[in-house]
Each structure stands twice: as C-alpha cells, then as structure tokens.
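Source file upload_30.txt; content: compact mmCIF, C-alpha atoms.
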```txt
# COMPACT_ATOMS: atom_id res chain seq x y z
CA MET A 248 -9.55 0.65 -11.47
CA GLY A 249 -8.33 -2.29 -13.55
CA ARG A 250 -6.02 -4.98 -12.28
CA CYS A 251 -4.57 -8.11 -13.82
CA TRP A 252 -2.83 -11.26 -12.66
CA LEU A 253 0.55 -12.04 -14.12
CA ALA A 254 1.10 -15.77 -14.15
CA VAL A 255 4.34 -16.05 -12.20
CA LEU A 256 4.92 -16.85 -10.32
CA ALA A 257 12.84 0.55 14.71
CA LEU A 258 13.54 2.86 16.33
CA THR A 259 13.13 4.13 19.87
CA ALA A 260 13.44 7.83 20.69
CA CYS A 261 15.21 7.37 24.03
CA GLY A 262 18.59 8.70 22.97
CA ALA A 263 19.58 5.64 20.98
CA VAL A 264 18.41 3.49 18.10
CA LYS A 265 17.06 -0.01 18.44
CA SER A 266 19.17 -2.96 17.35
CA ASN A 267 18.27 -4.65 14.07
CA ASN A 268 18.98 -8.10 15.47
CA PRO A 269 15.62 -9.87 15.90
CA ASN A 270 17.12 -12.02 18.66
CA ASP A 271 17.86 -9.00 20.84
CA ASP A 272 14.23 -8.58 21.90
CA ALA A 273 10.75 -9.68 21.03
CA GLY A 274 8.04 -7.75 19.23
CA VAL A 275 6.48 -4.70 20.75
CA ASP A 276 3.31 -6.36 22.05
CA GLY A 277 3.90 -9.96 23.01
CA PRO A 278 4.50 -13.05 20.85
CA ALA A 279 4.78 -12.54 17.12
CA SER A 280 6.17 -14.85 14.49
CA ASP A 281 5.97 -16.13 10.95
CA GLY A 282 5.72 -19.62 12.40
CA PRO A 283 2.70 -21.91 12.90
CA PRO A 284 -0.91 -20.71 12.56
CA GLY A 285 -2.21 -18.92 15.64
CA LEU A 286 0.79 -16.64 16.04
CA ALA A 287 0.49 -12.98 15.10
CA VAL A 288 1.16 -11.79 11.55
CA PRO A 289 1.33 -8.20 10.20
CA VAL A 290 -1.83 -6.81 8.62
CA THR A 291 -1.08 -3.07 8.45
CA SER A 292 1.97 -0.87 8.82
CA ILE A 293 2.40 1.66 11.62
CA ALA A 294 3.04 5.30 10.73
CA PRO A 295 6.17 7.11 11.91
CA SER A 296 5.98 9.39 14.92
CA VAL A 297 8.28 11.53 17.05
CA ALA A 298 8.75 8.53 19.34
CA GLU A 299 9.25 6.13 16.41
CA PRO A 300 10.80 7.97 13.43
CA MET A 301 11.36 5.87 10.32
CA TYR A 302 13.70 5.63 7.36
CA GLN A 303 13.76 5.17 3.60
CA GLY A 304 13.79 1.64 2.23
CA SER A 305 12.50 -0.02 5.39
CA GLN A 306 9.36 -0.72 7.44
CA THR A 307 9.78 -2.32 10.86
CA LEU A 308 6.59 -1.68 12.88
CA PHE A 309 3.23 -3.35 12.23
CA ARG A 310 -0.22 -4.01 13.63
CA THR A 311 -1.14 -7.67 13.74
CA ASP A 312 -4.16 -9.84 13.09
CA GLN A 313 -4.46 -10.33 16.85
CA GLY A 314 -4.91 -6.63 17.54
CA GLY A 315 -1.43 -6.02 18.90
CA THR A 316 1.77 -4.69 17.38
CA CYS A 317 5.03 -6.30 16.38
CA THR A 318 8.42 -5.57 14.91
CA GLY A 319 9.45 -7.11 11.61
CA ARG A 320 11.32 -6.46 8.37
CA VAL A 321 9.64 -5.48 5.12
CA ALA A 322 11.95 -3.77 2.64
CA ALA A 323 12.08 -2.77 -1.03
CA SER A 324 13.56 -0.05 -3.22
CA MET A 325 12.90 1.31 -6.72
CA ALA A 326 15.16 3.10 -9.20
CA GLY A 327 14.90 3.95 -12.88
CA GLY A 328 16.25 0.63 -14.12
CA GLY A 329 16.12 -1.72 -11.14
CA PHE A 330 13.81 -2.87 -8.35
CA CYS A 331 14.65 -5.00 -5.31
CA PHE A 332 12.71 -6.46 -2.37
CA LEU A 333 13.32 -8.65 0.66
CA ALA A 334 11.98 -12.10 -0.15
CA ALA A 335 10.24 -14.54 2.19
CA ASP A 336 13.39 -16.67 2.35
CA ASP A 337 15.22 -13.61 3.77
CA THR A 338 17.26 -13.00 0.61
CA VAL A 339 17.28 -9.76 -1.37
CA LYS A 340 15.94 -10.29 -4.89
CA CYS A 341 16.22 -7.84 -7.78
CA ALA A 342 15.23 -7.46 -11.42
CA GLY A 343 16.50 -5.06 -14.05
CA GLN A 344 19.95 -3.52 -14.03
CA ILE A 345 21.82 -1.67 -11.28
CA ASP A 346 25.05 -0.07 -12.43
CA ALA A 347 26.78 -2.66 -14.67
CA THR A 348 25.08 -5.64 -13.04
CA SER A 349 22.10 -7.13 -14.85
CA PHE A 350 19.75 -9.16 -12.65
CA GLY A 351 17.61 -10.11 -15.63
CA MET A 352 13.93 -9.53 -16.32
CA SER A 353 12.75 -11.92 -13.62
CA PHE A 354 13.53 -11.60 -9.93
CA GLY A 355 16.84 -13.21 -9.03
CA THR A 356 18.92 -13.40 -5.91
CA THR A 357 21.67 -10.91 -5.08
CA GLY A 358 23.44 -13.28 -2.73
CA GLN A 359 22.56 -11.01 0.20
CA SER A 360 20.33 -11.90 3.14
CA GLY A 361 19.18 -10.50 6.47
CA ALA A 362 18.20 -7.08 5.13
CA VAL A 363 16.60 -4.47 7.34
CA GLN A 364 16.80 -1.74 4.70
CA ILE A 365 17.27 -1.74 0.92
CA MET A 366 18.40 1.45 -0.81
CA VAL A 367 18.78 1.43 -4.61
CA MET A 368 20.35 4.66 -5.84
CA PHE A 369 17.83 6.48 -8.04
CA LEU A 370 20.38 7.01 -10.86
CA ASP A 371 20.97 3.24 -10.92
CA ASN A 372 24.67 3.59 -10.10
CA GLY A 373 24.65 1.46 -6.98
CA MET A 374 22.74 0.12 -4.00
CA CYS A 375 23.25 -0.45 -0.28
CA ILE A 376 21.71 -2.93 2.15
CA THR A 377 21.57 -2.50 5.93
CA LYS A 378 21.63 -5.91 7.62
CA THR A 379 20.55 -7.46 10.90
CA ASP A 380 24.19 -7.93 11.94
CA GLY A 381 24.68 -4.14 12.02
CA THR A 382 26.71 -3.94 8.83
CA VAL A 383 25.99 -2.18 5.54
CA VAL A 384 27.06 -3.66 2.21
CA CYS A 385 27.09 -1.71 -1.05
CA MET A 386 27.84 -2.21 -4.73
CA GLY A 387 28.16 0.11 -7.73
CA SER A 388 30.23 2.94 -9.16
CA ASN A 389 28.92 6.00 -7.28
CA SER A 390 32.25 7.71 -6.64
CA ASN A 391 30.55 10.71 -5.01
CA ALA A 392 29.17 8.54 -2.23
CA PHE A 393 31.77 5.78 -2.10
CA GLY A 394 34.92 7.73 -2.96
CA ALA A 395 37.18 7.60 -6.00
CA GLY A 396 38.46 4.24 -7.13
CA THR A 397 35.89 2.21 -5.20
CA SER A 398 33.74 0.92 -8.07
CA SER A 399 32.69 -2.70 -7.57
CA GLN A 400 29.94 -4.92 -8.95
CA GLN A 401 30.36 -7.12 -5.88
CA PHE A 402 28.79 -6.25 -2.54
CA THR A 403 31.44 -5.05 -0.12
CA GLN A 404 31.14 -3.76 3.42
CA TRP A 405 30.71 0.01 3.72
CA THR A 406 32.75 1.08 6.78
CA ALA A 407 34.00 -1.34 9.40
CA ARG A 408 31.09 -0.58 11.74
CA THR A 409 28.94 -3.44 12.98
CA ASP A 410 26.44 -1.35 14.95
CA ILE A 411 24.54 0.44 12.16
CA ALA A 412 20.78 0.72 12.62
CA GLN A 413 19.82 2.56 9.40
CA ILE A 414 21.34 4.66 6.63
CA ALA A 415 20.06 7.75 4.83
CA SER A 416 20.76 9.89 1.77
CA GLY A 417 19.26 12.98 0.21
CA THR A 418 20.61 12.82 -3.34
CA TRP A 419 23.06 9.88 -3.22
CA ASP A 420 26.09 12.17 -3.36
CA GLN A 421 26.52 11.10 0.24
CA ILE A 422 25.57 8.28 2.59
CA CYS A 423 24.98 8.82 6.28
CA GLY A 424 24.26 6.26 8.96
CA ILE A 425 23.04 6.13 12.53
CA THR A 426 24.25 3.51 14.98
CA THR A 427 22.29 1.67 17.64
CA GLY A 428 23.87 4.12 20.10
CA GLY A 429 22.64 7.13 18.15
CA GLN A 430 25.97 8.17 16.62
CA VAL A 431 25.55 9.72 13.17
CA PHE A 432 28.33 9.47 10.58
CA CYS A 433 28.57 10.49 6.92
CA GLY A 434 30.74 9.81 3.90
CA GLY A 435 30.91 11.28 0.40
CA LEU A 436 29.92 14.74 -0.75
CA GLY A 437 27.50 16.96 1.12
CA SER A 438 27.00 20.49 2.36
CA SER A 439 30.60 19.95 3.28
CA ASP A 440 32.84 17.26 1.85
CA PHE A 441 32.67 14.41 4.34
CA GLY A 442 35.22 12.38 2.39
CA ASN A 443 35.83 8.68 2.85
CA PRO A 444 35.99 6.80 5.13
CA PRO A 445 32.91 8.34 6.78
CA ILE A 446 33.33 10.69 9.73
CA ASP A 447 31.26 11.15 12.89
CA ILE A 448 28.75 13.99 12.88
CA GLY A 449 27.69 15.33 16.28
CA GLY A 450 27.70 13.24 19.42
CA PRO A 451 26.09 9.92 20.34
CA GLY A 452 22.54 9.65 21.60
CA GLN A 453 20.81 11.07 18.50
CA THR A 454 17.23 9.84 18.10
CA SER A 455 16.84 10.09 14.32
CA LEU A 456 18.55 10.98 11.06
CA TRP A 457 17.57 12.17 7.62
CA VAL A 458 19.60 13.93 4.91
CA ASP A 459 18.30 16.90 2.93
CA THR A 460 18.91 17.52 -0.78
CA PHE A 461 21.88 19.76 0.02
CA GLY A 462 23.60 16.78 1.62
CA SER A 463 23.19 18.07 5.17
CA PRO A 464 22.43 15.43 7.81
CA ARG A 465 19.53 16.41 10.06
CA LEU A 466 20.01 14.99 13.52
CA SER A 467 17.18 14.34 16.01
CA ASP A 468 14.81 16.42 13.88
CA THR A 469 11.40 15.94 15.51
CA THR A 470 9.62 17.86 12.73
CA VAL A 471 10.41 15.21 10.09
CA LEU A 472 9.00 11.80 10.91
CA ARG A 473 10.21 10.12 7.72
CA PRO A 474 11.75 11.47 4.50
CA ALA A 475 10.34 10.58 1.11
CA GLU A 476 11.53 7.44 -0.60
CA SER A 477 14.28 8.14 -3.18
CA ARG A 478 15.15 11.88 -3.11
CA THR A 479 14.21 13.71 0.08
CA GLU A 480 12.56 16.67 -1.67
CA CYS A 481 9.48 15.93 0.44
CA GLN A 482 9.01 14.70 3.99
CA ILE A 483 6.32 13.19 6.20
CA LYS A 484 5.54 15.59 9.02
CA ALA A 485 2.88 15.68 11.71
CA ASN A 486 0.50 17.53 9.38
CA GLY A 487 0.95 15.39 6.26
CA PHE A 488 3.37 14.77 3.38
CA ILE A 489 5.02 18.11 2.68
CA CYS A 490 6.67 19.09 -0.62
CA GLY A 491 7.96 22.64 -0.36
CA ASN A 492 4.93 24.63 0.74
CA THR A 493 2.41 22.09 -0.55
CA MET A 494 0.77 19.53 1.71
CA PHE A 495 -0.54 16.17 0.49
CA GLY A 496 -2.63 13.54 2.18
CA PRO A 497 -4.31 13.33 5.57
CA THR A 498 -3.17 15.49 8.47
CA ASN A 499 -3.96 13.04 11.26
CA GLY A 500 -0.62 11.23 11.35
CA SER A 501 -1.82 8.24 9.33
CA ILE A 502 0.74 8.40 6.47
CA VAL A 503 3.13 5.46 6.72
CA MET A 504 5.40 6.26 3.77
CA ALA A 505 5.29 8.35 0.62
CA VAL A 506 7.11 9.08 -2.61
CA SER A 507 7.15 11.89 -5.13
CA GLY A 508 8.14 10.68 -8.57
CA GLY A 509 7.71 10.70 -12.31
CA GLY A 510 8.85 14.30 -12.69
CA ALA A 511 11.83 16.59 -12.35
CA GLY A 512 10.64 18.66 -9.42
CA PRO A 513 8.07 18.90 -6.62
CA SER A 514 5.63 20.86 -8.79
CA SER A 515 5.48 18.34 -11.64
CA GLU A 516 5.62 14.84 -10.19
CA THR A 517 2.96 12.50 -8.91
CA VAL A 518 2.75 12.11 -5.15
CA CYS A 519 1.69 8.76 -3.70
CA TYR A 520 1.34 7.72 -0.08
CA LEU A 521 0.49 4.62 1.94
CA ASP A 522 -1.73 5.05 4.99
CA THR A 523 -2.22 3.00 8.13
CA ALA A 524 -5.32 1.35 6.64
CA GLY A 525 -3.10 -0.31 4.02
CA THR A 526 -4.38 1.87 1.18
CA VAL A 527 -2.32 3.75 -1.43
CA THR A 528 -3.53 7.09 -2.76
CA CYS A 529 -1.88 9.16 -5.51
CA THR A 530 -2.53 12.64 -6.81
CA ASN A 531 -3.70 11.00 -10.06
CA GLY A 532 -6.01 8.52 -8.34
CA PRO A 533 -6.04 5.41 -6.13
CA ARG A 534 -3.52 2.63 -6.65
CA PHE A 535 -3.44 -1.04 -5.68
CA GLU A 536 -6.00 -2.96 -3.64
CA PRO A 537 -7.33 -0.98 -0.66
CA THR A 538 -6.39 -2.28 2.82
CA MET A 539 -3.87 -4.77 1.38
CA VAL A 540 -0.58 -2.84 1.21
CA LEU A 541 2.22 -3.03 3.79
CA TYR A 542 4.91 -1.26 1.75
CA LEU A 543 5.12 1.17 -1.19
CA ALA A 544 8.22 1.57 -3.37
CA GLY A 545 8.80 4.33 -5.91
CA SER A 546 11.50 6.61 -7.28
CA PHE A 547 11.74 10.36 -7.82
CA TYR A 548 12.84 9.89 -11.44
CA SER A 549 10.43 7.11 -12.44
CA ASP A 550 6.69 6.62 -12.78
CA SER A 551 6.96 3.00 -11.60
CA LEU A 552 5.35 1.93 -8.34
CA CYS A 553 5.46 -1.42 -6.56
CA ALA A 554 3.51 -2.49 -3.50
CA ILE A 555 4.10 -5.38 -1.12
CA TYR A 556 0.78 -6.82 0.01
CA LYS A 557 0.17 -8.35 3.42
CA ASP A 558 -0.06 -11.81 1.79
CA GLY A 559 3.52 -11.44 0.52
CA SER A 560 2.59 -10.82 -3.11
CA VAL A 561 4.22 -7.99 -5.07
CA TRP A 562 2.19 -5.77 -7.39
CA CYS A 563 3.55 -3.13 -9.77
CA ILE A 564 2.47 -0.54 -12.32
CA GLY A 565 4.35 1.80 -14.65
CA SER A 566 7.44 1.83 -16.83
CA ASN A 567 9.51 -1.33 -16.93
CA GLN A 568 13.00 -0.33 -18.03
CA ASN A 569 15.38 -3.30 -18.18
CA GLY A 570 12.51 -5.54 -17.09
CA LYS A 571 12.92 -4.21 -13.54
CA LEU A 572 9.36 -5.19 -12.58
CA GLY A 573 10.21 -8.87 -12.95
CA THR A 574 7.68 -9.64 -15.68
CA GLY A 575 10.12 -11.39 -18.02
CA ASN A 576 9.98 -8.50 -20.51
CA ASN A 577 10.36 -4.72 -20.56
CA LEU A 578 6.78 -3.83 -21.46
CA ALA A 579 5.20 -1.16 -19.29
CA LEU A 580 2.39 -2.19 -16.96
CA THR A 581 -0.66 -0.01 -17.52
CA VAL A 582 -2.66 -1.51 -14.64
CA GLU A 583 -1.64 -2.85 -11.25
CA THR A 584 -0.22 -6.29 -11.96
CA MET A 585 0.90 -9.09 -9.66
CA VAL A 586 4.56 -9.70 -10.50
CA ALA A 587 5.29 -12.10 -7.62
CA PRO A 588 2.67 -14.40 -6.03
CA PRO A 589 1.55 -14.57 -2.39
CA GLY A 590 4.35 -15.73 -0.12
CA SER A 591 7.09 -14.12 -2.22
CA ALA A 592 8.00 -11.12 -0.03
CA ARG A 593 8.91 -11.25 3.64
CA VAL A 594 5.89 -10.07 5.66
CA ALA A 595 6.53 -11.62 9.08
CA CYS A 596 6.78 -10.45 12.65
CA ASP A 597 10.08 -11.05 14.39
CA PRO A 598 10.06 -14.18 16.58
```
Output the structure of this file as structure tokens.
Amino acid sequence: MGRCWLAVLALTACGAVKSNNPNDDAGVDGPASDGPPGLAVPVTSIAPSVAEPMYQGSQTLFRTDQGGTCTGRVAASMAGGGFCFLAADDTVKCAGQIDATSFGMSFGTTGQSGAVQIMVMFLDNGMCITKTDGTVVCMGSNSNAFGAGTSSQQFTQWTARTDIAQIASGTWDQICGITTGGQVFCGGLGSSDFGNPPIDIGGPGQTSLWVDTFGSPRLSDTTVLRPAESRTECQIKANGFICGNTMFGPTNGSIVMAVSGGGAGPSSETVCYLDTAGTVTCTNGPRFEPTMVLYLAGSFYSDSLCAIYKDGSVWCIGSNQNGKLGTGNNLALTVETMVAPPGSARVACDP
C-alpha cells in the first residue's frame, strides 16, 4: 500500500449524559494530560458499548501509553466539498467550501474553539459544532434543519440551551440533541415535523440518542452503540457494523467508528471501519498506517477519507473537491497522504 508525504505542513449510561466540560472531572483512570512528558497520552480509541454509547463527529474515550484510560476530545467531519478537524490549539480548522463559505484549499480557522463534536452536513449546506460550554453553534442555509429564513454564513447559537452533550442527525433534515441530564430534543423535519425552535422528545434520563434516516430519534437504544458517520444508513452494533442485513467487520465489539460512503446506497458504497488497535480496514482493502489511527472521517456521498493519527498528523485519500483535503489544490489523492504534520490535530487527554 503506497503512501506519500505532503510537505506541509462521553457518555455514561446511568440515566444521564456526562458533561463536556473537562474541568468537571478528571479522566477515567487517573491523571491524564497533554502537558509535560510523563503524563498519559492517548494511543488508541475505545469502542462504544452499551455502557458508553458514542456519537457521530466525536471521540472522547481513549487508552493511554501508561496502560490506563482517559477522556479527551478528538473530532473531525467530512462532506462532499469540505473537511474540518479540531486542531491542537483547540480551534476548529476547515478546508474547502461549506455552503457559501470558502475556507480555501489549505486548512484555516473557523473562529470556533472548544469543540467536542464537529458535524459537517453531507450536502455541504451547513455545519454544527458542539462545544465544551454545553452550547451548539451552526452555520449554513439548511432550512429543513434550521427553519425557514435562518440562513447565515456566520456561526450562531442553535437553541438557547447550555447543557447539550451531543447532537445527532440521520439525513440532516433534522437535528436532535441530548443534554447532560438525558433530555432529548429535536428541531427541523423528521418522521413528524418537529419545527423550530426544537421541542423536547420523551422525558429526561435518556442514556443515548441516534436518529434514523426517516428522521426518527431513537432514545436509549441499547442495540445501536454508535451510528455511522454522515448518514445513519448503517450502525455499529454488538455484532459488528450493520448495513441493512449485511454485517461488516469483526463481531467482538472492537469497532470504534465506521462509515459507508462513495455510493448512493448500502449495496454500492465502500465500508470502512476503525478498530481498537488503531487500524482502518475497508471493503476494498486496508487504509492508512496500521495501529496509528485515533479517528476516521468520511461521508456517505464521497469517496474521501481522512484519519487523525495518534501523533496529531492528518492523513487523507480520495477526491479533493474545493481543495477540502487541505493540499493547496483540488487534485485527488490516490494514496494516503499526510496533509497536516504531527502536532496539528488535538490528540490529548483531558487534564
């Protein structure tokens, strides 16, 4: 498998959802930090489970170089014409174009920081960021999700809530969220029209949330451990990554995250998944350096993939519309290519 160097540069299932604020508690297993040498750093990502379900656009649980575990924030999201990731300086950086906003063909800042979760809409008509202060900010012209007359190229707060743990969407006709107290709420179109502002769905104390492709929020669903990145056509379950009646990957609970993309339906696209060993496997072969990957980003409607390595470098392969892969041009990458050097992406345990 060829590679080249481009010169460049959590949840707790106890009836509520854990706060995103890193100052609220320490890591899962003792001291962990991105500070001086000797303190723990992430080396692999932990897979979702019934006790620790996970969400699109975010990875918050890791195993460390000291043999323990920690909480942290690694986040990225891919669409057809744009790609964004959480940088080491805690700012969200993007390349390409999202809605009418061009970020250029090299990674530039969005002006947003403190991201827990980054969600770029797969049709490129907006994006949302869940932040450590419990707010969600969004930009774009997706009137189905945001409501009529709400188009903005500036990030504005979505709902007045300041207790949001994570958000979810099935097709981006709707956006749902779950609070730190386990209250689910939805806005936009769905199996019913939620409308805007978002409305509460069910009671508090829910342990997880995902949204299916009919726009129906699934509350405390212990059969789905994490939905696919981008569209939720497929889901990670206890017995693997499931697309319709087809199962992909290992069945031992070792899939961290997965994406189906590059096609128009579950029978035609490529499926790729990241496992707890830090290795990415696709239906068309292996991708990226084995044991190095903490995070995998892809989109249902694109063949592009990007991986965040445990050294903070970003590697990508595939189509490069609008220069979204940050290479300085829009030429496709035919082999895995480093588009941001070590230390670029945030890959730290919470202090």
Do you know which residues are at most 10 Å from Cys563 in chain A counting only C-alpha atoms, after dropping those on the same chain fewer than 3 positions away, and could you put them as a PDB file with C-alpha atoms, in the frame of the given file?
```pdb
ATOM      1  CA  ARG A 534      -3.520   2.630  -6.650  1.00  0.00           C
ATOM      2  CA  PHE A 535      -3.440  -1.040  -5.680  1.00  0.00           C
ATOM      3  CA  LEU A 543       5.120   1.170  -1.190  1.00  0.00           C
ATOM      4  CA  ALA A 544       8.220   1.570  -3.370  1.00  0.00           C
ATOM      5  CA  GLY A 545       8.800   4.330  -5.910  1.00  0.00           C
ATOM      6  CA  SER A 551       6.960   3.000 -11.600  1.00  0.00           C
ATOM      7  CA  LEU A 552       5.350   1.930  -8.340  1.00  0.00           C
ATOM      8  CA  CYS A 553       5.460  -1.420  -6.560  1.00  0.00           C
ATOM      9  CA  ALA A 554       3.510  -2.490  -3.500  1.00  0.00           C
ATOM     10  CA  ILE A 555       4.100  -5.380  -1.120  1.00  0.00           C
ATOM     11  CA  SER A 566       7.440   1.830 -16.830  1.00  0.00           C
ATOM     12  CA  ASN A 567       9.510  -1.330 -16.930  1.00  0.00           C
ATOM     13  CA  LEU A 572       9.360  -5.190 -12.580  1.00  0.00           C
ATOM     14  CA  GLY A 573      10.210  -8.870 -12.950  1.00  0.00           C
ATOM     15  CA  THR A 574       7.680  -9.640 -15.680  1.00  0.00           C
ATOM     16  CA  ALA A 579       5.200  -1.160 -19.290  1.00  0.00           C
ATOM     17  CA  LEU A 580       2.390  -2.190 -16.960  1.00  0.00           C
ATOM     18  CA  THR A 581      -0.660  -0.010 -17.520  1.00  0.00           C
ATOM     19  CA  VAL A 582      -2.660  -1.510 -14.640  1.00  0.00           C
ATOM     20  CA  GLU A 583      -1.640  -2.850 -11.250  1.00  0.00           C
ATOM     21  CA  THR A 584      -0.220  -6.290 -11.960  1.00  0.00           C
ATOM     22  CA  MET A 585       0.900  -9.090  -9.660  1.00  0.00           C
ATOM     23  CA  VAL A 586       4.560  -9.700 -10.500  1.00  0.00           C
ATOM     24  CA  ALA A 587       5.290 -12.100  -7.620  1.00  0.00           C
TER      25      ALA A 587
END
```
- Item | Residue contacts of range 538-540 of chain A (7 Å, only C-alpha atoms) excluding same-chain residues fewer than 5 positions away, as a ChimeraX atom specification | /A:524-526,554-557
- Item | Among listed residues A:Ile448, A:Val367, A:Val384, A:Cys519, nearest Thr418 in chain A (using all atoms listed in the file) |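 Counting all atoms listed in the file, the residue closest to Thr418 in chain A is A:Val367.
Interatomic distance, CA of Cys423 in chain A to CA of Ala595 in chain A: 27.7 Å.
Comparing the minimum interatomic distances between Asn576 in chain A and each of A:Gln404, A:Ser353, A:Ser390, A:Thr409, counting only C-alpha atoms, we find that A:Ser353 sits nearest.
Comparing the minimum interatomic distances between Gly417 in chain A and each of A:Gly319, A:Gly450, A:Gly435, A:Gly351, counting all atoms listed in the file, we find that A:Gly435 sits nearest.
Here CA of Cys529 in chain A is placed at a distance of 16.7 Å from CA of Glu480 in chain A.
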- Message: Excluding Arg320 in chain A and its own-chain neighbours fewer than 5 positions away, which residues fall within 9 Å of it when counting all atoms listed in the file? Please give them as number ranges by chain.
- Response: A: 305-308, 333, 362-364, 593-597
